[in-house]
>>> print(open('coords-v3.cif').read())   # mmCIF, C-alpha atoms
data_work
loop_
_atom_site.label_atom_id
_atom_site.label_comp_id
_atom_site.auth_asym_id
_atom_site.auth_seq_id
_atom_site.Cartn_x
_atom_site.Cartn_y
_atom_site.Cartn_z
CA MET Q 151 -6.70 -9.91 1.50
CA ALA Q 152 -7.38 -6.74 3.48
CA VAL Q 153 -6.77 -3.15 2.39
CA TRP Q 154 -6.60 -0.32 4.91
CA LEU Q 155 -7.07 3.38 4.15
CA LEU Q 156 -5.93 6.11 6.53
CA THR Q 157 -6.36 9.87 6.44
CA PRO Q 158 -3.48 10.98 8.68
CA PRO Q 159 -4.32 13.24 11.63
CA GLU Q 160 -3.15 16.84 11.64
CA ASP Q 161 -1.18 18.41 14.49
CA ALA Q 162 -1.45 15.34 16.70
CA PRO Q 163 1.18 13.37 18.66
CA LEU Q 164 2.21 10.50 16.38
CA ALA Q 165 3.81 7.40 17.92
CA TYR Q 166 7.25 8.30 16.56
CA GLY Q 167 8.97 6.12 19.16
CA GLU Q 168 7.70 2.95 17.47
CA LEU Q 169 9.86 3.53 14.38
CA ASP Q 170 13.27 1.92 14.06
CA ALA Q 171 16.49 3.87 13.57
CA ALA Q 172 16.40 3.66 9.76
CA GLU Q 173 12.81 4.91 9.62
CA ARG Q 174 13.65 7.78 11.96
CA ARG Q 175 16.56 8.83 9.76
CA ARG Q 176 14.33 8.85 6.68
CA ALA Q 177 11.62 10.74 8.55
CA ASP Q 178 14.07 13.37 9.78
CA ALA Q 179 15.39 13.87 6.25
CA PHE Q 180 12.09 15.33 5.03
CA ARG Q 181 12.30 19.08 4.63
CA LEU Q 182 8.58 19.82 4.96
CA PRO Q 183 6.84 18.96 8.26
CA ARG Q 184 3.72 17.71 6.46
CA ASP Q 185 5.77 15.24 4.42
CA ARG Q 186 7.56 14.05 7.54
CA ALA Q 187 4.25 13.58 9.38
CA LEU Q 188 2.78 11.62 6.45
CA TYR Q 189 5.77 9.28 6.34
CA VAL Q 190 5.68 8.72 10.11
CA ALA Q 191 1.91 8.10 10.15
CA ALA Q 192 2.20 5.63 7.26
CA HIS Q 193 4.92 3.58 8.91
CA ILE Q 194 3.20 3.56 12.29
CA ALA Q 195 0.03 2.33 10.58
CA LEU Q 196 1.95 -0.45 8.85
CA ARG Q 197 3.71 -1.51 12.04
CA ARG Q 198 0.56 -1.53 14.14
CA LEU Q 199 -1.45 -3.41 11.53
CA LEU Q 200 1.19 -6.11 11.10
CA ALA Q 201 1.66 -6.31 14.86
CA GLY Q 202 -2.09 -6.82 15.24
CA TYR Q 203 -2.21 -9.63 12.72
CA LEU Q 204 0.85 -11.31 14.25
CA ARG Q 205 -0.07 -10.53 17.86
CA ALA Q 206 3.33 -8.96 18.22
CA SER Q 207 4.79 -5.67 19.40
CA ALA Q 208 4.98 -2.94 16.75
CA ARG Q 209 8.40 -1.84 18.01
CA GLU Q 210 9.90 -5.33 17.60
CA LEU Q 211 9.10 -5.75 13.91
CA GLU Q 212 12.19 -5.74 11.70
CA PHE Q 213 11.98 -5.16 7.95
CA ALA Q 214 14.16 -6.38 5.12
CA ARG Q 215 14.03 -6.59 1.33
CA ALA Q 216 13.39 -9.68 -0.76
CA ALA Q 217 15.60 -10.37 -3.75
CA CYS Q 218 14.70 -8.44 -6.89
CA PRO Q 219 13.12 -10.85 -9.41
CA ARG Q 220 14.95 -9.13 -12.28
CA CYS Q 221 18.52 -8.96 -11.01
CA GLY Q 222 18.57 -10.78 -7.68
CA GLY Q 223 19.72 -7.67 -5.80
CA PRO Q 224 18.47 -6.90 -2.26
CA HIS Q 225 15.89 -4.31 -3.36
CA GLY Q 226 12.75 -6.35 -4.00
CA ARG Q 227 9.51 -6.28 -2.03
CA PRO Q 228 9.72 -5.33 1.66
CA VAL Q 229 9.34 -8.32 3.98
CA LEU Q 230 9.52 -9.04 7.68
CA ARG Q 231 13.02 -10.13 8.60
CA GLY Q 232 13.11 -13.82 9.36
CA ALA Q 233 9.48 -14.32 8.31
CA GLY Q 234 8.44 -17.95 7.99
CA PRO Q 235 5.75 -19.70 5.93
CA GLY Q 236 2.30 -18.25 6.52
CA THR Q 237 3.52 -14.82 7.62
CA PRO Q 238 1.40 -12.16 5.86
CA HIS Q 239 2.71 -10.30 2.84
CA PHE Q 240 2.23 -6.54 2.91
CA SER Q 241 2.61 -3.33 0.94
CA LEU Q 242 2.54 0.36 1.88
CA SER Q 243 1.89 3.53 -0.11
CA HIS Q 244 1.26 7.14 0.82
CA SER Q 245 0.41 10.28 -1.08
CA ARG Q 246 -0.44 13.67 0.32
CA GLY Q 247 -3.42 13.21 2.62
CA ALA Q 248 -3.75 9.42 2.22
CA VAL Q 249 -2.09 6.21 3.38
CA LEU Q 250 -2.84 2.76 1.94
CA VAL Q 251 -1.75 -0.58 3.43
CA GLY Q 252 -2.38 -4.00 1.92
CA VAL Q 253 -2.03 -7.28 3.83
CA ALA Q 254 -2.50 -10.67 2.16
CA HIS Q 255 -1.47 -14.34 2.15
CA ALA Q 256 0.11 -13.92 -1.30
CA PRO Q 257 2.48 -11.24 -2.61
CA VAL Q 258 0.62 -7.93 -2.71
CA GLY Q 259 1.23 -4.39 -3.89
CA VAL Q 260 -0.75 -1.22 -3.21
CA ASP Q 261 -0.52 2.32 -4.47
CA VAL Q 262 -2.36 5.56 -3.79
CA GLU Q 263 -1.87 8.60 -5.99
CA ARG Q 264 -3.04 12.16 -5.64
CA VAL Q 265 -4.83 13.24 -8.83
CA PRO Q 266 -2.17 15.28 -10.69
CA ARG Q 267 -2.39 18.64 -12.39
CA PRO Q 268 -3.04 18.55 -16.17
CA GLU Q 269 0.50 19.69 -16.98
CA ARG Q 270 1.89 16.78 -14.96
CA VAL Q 271 -0.21 14.36 -17.01
CA ASP Q 272 1.24 15.81 -20.22
CA VAL Q 273 4.78 15.26 -18.94
CA CYS Q 274 4.22 11.68 -17.71
CA ARG Q 275 1.81 10.18 -20.23
CA SER Q 276 4.69 8.71 -22.27
CA ALA Q 277 5.37 6.31 -19.37
CA LEU Q 278 2.04 4.58 -20.05
CA HIS Q 279 1.49 1.66 -22.41
CA PRO Q 280 0.79 2.94 -25.98
CA LEU Q 281 -2.82 1.73 -25.82
CA GLU Q 282 -3.27 3.37 -22.41
CA GLN Q 283 -2.01 6.60 -23.95
CA ARG Q 284 -4.63 6.35 -26.70
CA GLU Q 285 -7.38 5.62 -24.19
CA LEU Q 286 -6.31 8.64 -22.17
CA ALA Q 287 -6.20 10.92 -25.22
CA ALA Q 288 -9.76 9.89 -26.15
CA LEU Q 289 -11.11 11.47 -22.95
CA ARG Q 290 -12.11 15.09 -22.43
CA ALA Q 291 -9.18 17.09 -21.07
CA PRO Q 292 -10.82 17.64 -17.63
CA ASP Q 293 -11.24 13.88 -17.19
CA GLN Q 294 -7.68 12.93 -18.03
CA PRO Q 295 -5.94 13.62 -14.67
CA ALA Q 296 -8.24 11.27 -12.71
CA ARG Q 297 -7.88 8.54 -15.35
CA PHE Q 298 -4.10 8.94 -15.40
CA ALA Q 299 -3.95 8.63 -11.60
CA ARG Q 300 -6.06 5.47 -11.74
CA LEU Q 301 -3.88 3.92 -14.43
CA TRP Q 302 -0.69 4.81 -12.60
CA ALA Q 303 -1.99 3.46 -9.29
CA ARG Q 304 -2.81 0.11 -10.94
CA LYS Q 305 0.58 0.02 -12.62
CA GLU Q 306 2.60 0.85 -9.52
CA ALA Q 307 0.59 -1.54 -7.33
CA PHE Q 308 1.29 -4.38 -9.77
CA LEU Q 309 4.99 -3.62 -10.14
CA LYS Q 310 5.41 -3.29 -6.36
CA GLY Q 311 3.60 -6.57 -5.86
CA THR Q 312 5.94 -8.39 -8.23
CA GLY Q 313 8.93 -6.82 -6.47
CA VAL Q 314 10.23 -5.23 -9.66
CA GLY Q 315 9.26 -1.67 -8.74
CA VAL Q 316 8.59 1.25 -11.02
CA GLY Q 317 11.10 1.76 -13.83
CA GLY Q 318 11.43 2.02 -17.57
CA TRP Q 319 9.17 -1.02 -18.04
CA THR Q 320 5.99 0.85 -17.00
CA SER Q 321 5.12 1.36 -20.67
CA GLN Q 322 5.36 -2.39 -21.29
CA VAL Q 323 2.54 -3.32 -18.91
CA TYR Q 324 -1.07 -2.74 -20.00
CA LEU Q 325 -3.57 -2.15 -17.18
CA GLY Q 326 -6.08 0.02 -19.02
CA GLU Q 327 -9.79 -0.21 -19.68
CA ARG Q 328 -9.72 -3.38 -21.80
CA SER Q 329 -10.16 -1.71 -25.20
CA PRO Q 330 -10.70 -3.98 -28.24
CA GLY Q 331 -7.44 -5.66 -29.14
CA ALA Q 332 -5.91 -4.93 -25.73
CA PRO Q 333 -3.19 -7.24 -24.40
CA PRO Q 334 -4.30 -9.79 -21.78
CA PRO Q 335 -3.99 -8.81 -18.12
CA PRO Q 336 -0.81 -9.84 -16.29
CA GLU Q 337 -0.87 -13.60 -15.97
CA GLY Q 338 -1.41 -14.89 -12.46
CA TRP Q 339 -2.23 -11.48 -10.95
CA SER Q 340 -5.38 -9.62 -9.95
CA VAL Q 341 -5.42 -5.81 -10.07
CA LEU Q 342 -8.35 -3.95 -8.50
CA ASP Q 343 -9.24 -0.29 -8.00
CA VAL Q 344 -9.63 0.89 -4.42
CA PRO Q 345 -12.29 3.55 -3.70
CA CYS Q 346 -10.63 6.42 -1.85
CA GLY Q 347 -12.43 9.69 -2.61
CA PRO Q 348 -12.26 12.23 -5.45
CA GLY Q 349 -8.79 13.63 -4.73
CA HIS Q 350 -6.89 10.35 -5.01
CA ALA Q 351 -6.80 7.11 -6.99
CA ALA Q 352 -5.70 3.81 -5.50
CA ALA Q 353 -5.25 0.18 -6.48
CA VAL Q 354 -4.24 -3.18 -5.05
CA ALA Q 355 -2.56 -6.06 -6.89
CA THR Q 356 -2.17 -9.57 -5.55
CA ARG Q 357 -0.86 -12.80 -6.96
CA GLY Q 358 -3.67 -15.20 -7.70
CA PRO Q 359 -7.42 -14.66 -7.97
CA ALA Q 360 -9.05 -11.85 -6.00
CA ALA Q 361 -12.70 -11.33 -6.82
CA ARG Q 362 -13.18 -9.12 -3.79
CA ALA Q 363 -11.34 -7.61 -0.88
CA ARG Q 364 -12.27 -5.81 2.29
CA VAL Q 365 -11.45 -2.11 2.41
CA ARG Q 366 -11.25 -0.70 5.91
CA ARG Q 367 -11.05 2.92 6.96
CA LEU Q 368 -8.44 3.21 9.67
CA PRO Q 369 -9.32 5.97 12.16
CA PRO Q 370 -6.67 8.70 12.56
CA GLU Q 371 -6.34 7.86 16.27
CA ALA Q 372 -4.81 4.50 15.29
CA VAL Q 373 -1.40 6.13 14.68
CA LEU Q 374 -1.32 8.40 17.75
CA VAL Q 375 0.57 7.90 20.97
CA GLY Q 376 -1.56 5.54 23.03
CA GLY Q 377 -3.75 4.65 20.04
CA ARG Q 378 -4.31 1.26 18.47
CA VAL Q 379 -5.92 -0.40 15.48
CA PRO Q 380 -9.60 -1.02 16.30
CA GLY Q 381 -10.66 -4.64 16.56
CA PHE Q 382 -7.18 -5.96 17.35
CA HIS Q 383 -6.30 -7.15 20.83
CA ARG Q 384 -3.40 -5.40 22.42
CA PRO Q 385 -0.24 -7.23 21.34
CA ARG Q 386 1.82 -9.48 23.51
CA PRO Q 387 5.61 -9.35 23.00
CA VAL Q 388 6.72 -11.81 20.33
CA GLU Q 389 10.12 -12.25 18.72
CA VAL Q 390 8.64 -12.01 15.23
CA ARG Q 391 12.00 -12.22 13.47
CA HIS Q 392 12.55 -15.69 14.98
CA ASP Q 393 9.21 -17.49 14.88
CA PRO Q 394 6.07 -15.51 14.01
CA ASP Q 395 2.76 -17.08 14.95
CA ALA Q 396 1.84 -17.96 11.38
CA ASP Q 397 -1.36 -19.82 12.27
CA HIS Q 398 -2.73 -16.82 14.17
CA ALA Q 399 -1.70 -14.49 11.36
CA ARG Q 400 -3.54 -16.61 8.79
CA ASP Q 401 -6.69 -16.89 10.89
CA ASP Q 402 -6.75 -13.17 11.61
CA LEU Q 403 -6.29 -12.21 7.96
CA ASP Q 404 -9.18 -14.41 6.87
CA ALA Q 405 -11.74 -13.86 9.57
CA ARG Q 406 -10.87 -11.11 12.04
CA ASP Q 407 -13.90 -8.99 12.90
CA VAL Q 408 -13.17 -5.27 13.03
CA PRO Q 409 -16.42 -3.71 14.20
CA ASP Q 410 -15.03 -0.21 14.71
CA ALA Q 411 -13.55 0.17 11.22
CA ARG Q 412 -15.82 1.17 8.36
CA GLU Q 413 -15.62 -1.54 5.74
CA GLU Q 414 -16.29 -1.30 2.01
CA GLU Q 415 -16.06 -3.78 -0.84
CA LEU Q 416 -13.85 -3.32 -3.84
CA PRO Q 417 -15.73 -3.07 -7.14
#
>>> encode(input="coords-v3.cif", output="structure tokens")
Amino acid sequence: MAVWLLTPPEDAPLAYGELDAAERRRADAFRLPRDRALYVAAHIALRRLLAGYLRASARELEFARAACPRCGGPHGRPVLRGAGPGTPHFSLSHSRGAVLVGVAHAPVGVDVERVPRPERVDVCRSALHPLEQRELAALRAPDQPARFARLWARKEAFLKGTGVGVGGWTSQVYLGERSPGAPPPPEGWSVLDVPCGPGHAAAVATRGPAARARVRRLPPEAVLVGGRVPGFHRPRPVEVRHDPDADHARDDLDARDVPDAREEELP
């Protein structure tokens, strides 16, 4: 499993032309330029990372949705259209000033959250598990926003990884600090905090055991026109939707050396 963190560049030429028509429509719908730029940077980062692992062209990647595990509808986890066995799973999240991408062999979910204002915590705390609410209330008021962001990042990463997504069931899942009498962690899943600086909280969830994961800092130039993800060879055109090079993808995800990206280890 690999987790990539990006601080998007400001006032720089993003590789907008690599997005597909649907992504461009969503990008153009943002009212604020900073929100539009964050969305574009996040999706370029995802495309270029997946293209690097698959040795494909970022422009040629086509996305679809897996079936929802609750209702079977076409709104589950995002997947590569036509992906075969061995193709990496992935997840994307962005919050003001930060982008997080997770790539793994097993289903994976990531989330990054900006630490909220205290009044926002008061409004949203009821969406936490009852024990999480009690753990939060036991903290000093100044410490509660950062803890809430961490809890919510874990929760959203897990729910995105399962394909269920955030909904009314957020209060049913306990991902707190393991207080006495706490429910067991979600069976078959690992949920880990991702270090990302004082202004944000982030987490990654993956199916199966995950004692550690590599956290890489993606340089801002990686999403610019003419830029690339450091450590990846320039892609050769591949019809990913037909027959992705699964063996290369698996090898790259396990052992690719990325000397130009600062790497950290999850706690």
>>> residues_around(input="coords-v3.cif", residues="stretch 311-319 of chain Q", least_positions_apart="4", cutoff="8 Å", atoms="all atoms listed in the file", output="PyMOL selection string")
chain Q and resi 216+218-220+226-227+241+257-260+277+306-307+323+355-357
>>> atom_distance(input="coords-v3.cif", atom1="atom CA of Q:Trp154", atom2="atom CA of Q:Pro183")
23.7 Å
>>> resolve_selection(input="coords-v3.cif", expression="the PyMOL selection byres ((chain Q and resi 174) around 12)", output="MDAnalysis selection string")
chainID Q and resid 165:173 175:180 186:187 189:191 193:194
>>> closest_residue(input="coords-v3.cif", among="Q:Ala360, Q:Leu230, Q:Leu211, Q:Leu156", to="Q:Arg197", atoms="all atoms listed in the file")
Q:Leu211
>>> atom_distance(input="coords-v3.cif", atom1="atom CA of Q:Pro370", atom2="atom CA of Q:Leu155")
10.0 Å
>>> resolve_selection(input="coords-v3.cif", expression="the PyMOL selection byres ((chain Q and resi 275) around 10)", output="PyMOL selection string")
chain Q and resi 270-274+276-280+282-284+286-287+298+302+321
>>> resolve_selection(input="coords-v3.cif", expression="the PyMOL selection byres ((chain Q and resi 244) around 9)", output="PyMOL selection string")
chain Q and resi 188-189+192+242-243+245-251+261-263
>>> write_last_selection(input="coords-v3.cif", atoms="C-alpha atoms", output="compact mmCIF listing (two decimals), keeping the file's coordinate frame")
# COMPACT_ATOMS: atom_id res chain seq x y z
CA LEU Q 188 2.78 11.62 6.45
CA TYR Q 189 5.77 9.28 6.34
CA ALA Q 192 2.20 5.63 7.26
CA LEU Q 242 2.54 0.36 1.88
CA SER Q 243 1.89 3.53 -0.11
CA SER Q 245 0.41 10.28 -1.08
CA ARG Q 246 -0.44 13.67 0.32
CA GLY Q 247 -3.42 13.21 2.62
CA ALA Q 248 -3.75 9.42 2.22
CA VAL Q 249 -2.09 6.21 3.38
CA LEU Q 250 -2.84 2.76 1.94
CA VAL Q 251 -1.75 -0.58 3.43
CA ASP Q 261 -0.52 2.32 -4.47
CA VAL Q 262 -2.36 5.56 -3.79
CA GLU Q 263 -1.87 8.60 -5.99
>>> closest_residue(input="coords-v3.cif", among="Q:Val379, Q:Pro235, Q:Arg297, Q:Ala206", to="Q:Arg264", atoms="all atoms listed in the file")
Q:Arg297
>>> axis_aligned_box(input="coords-v3.cif", around="stretch 161-170 of chain Q", padding_each_side="4 Å", output="AutoDock Vina command-line options")
--center_x 5.9 --center_y 10.2 --center_z 16.6 --size_x 22.7 --size_y 24.5 --size_z 13.1
>>> closest_residue(input="coords-v3.cif", among="Q:Ala233, Q:Ala332, Q:Leu164, Q:Val153", to="Q:Val344", atoms="only C-alpha atoms")
Q:Val153
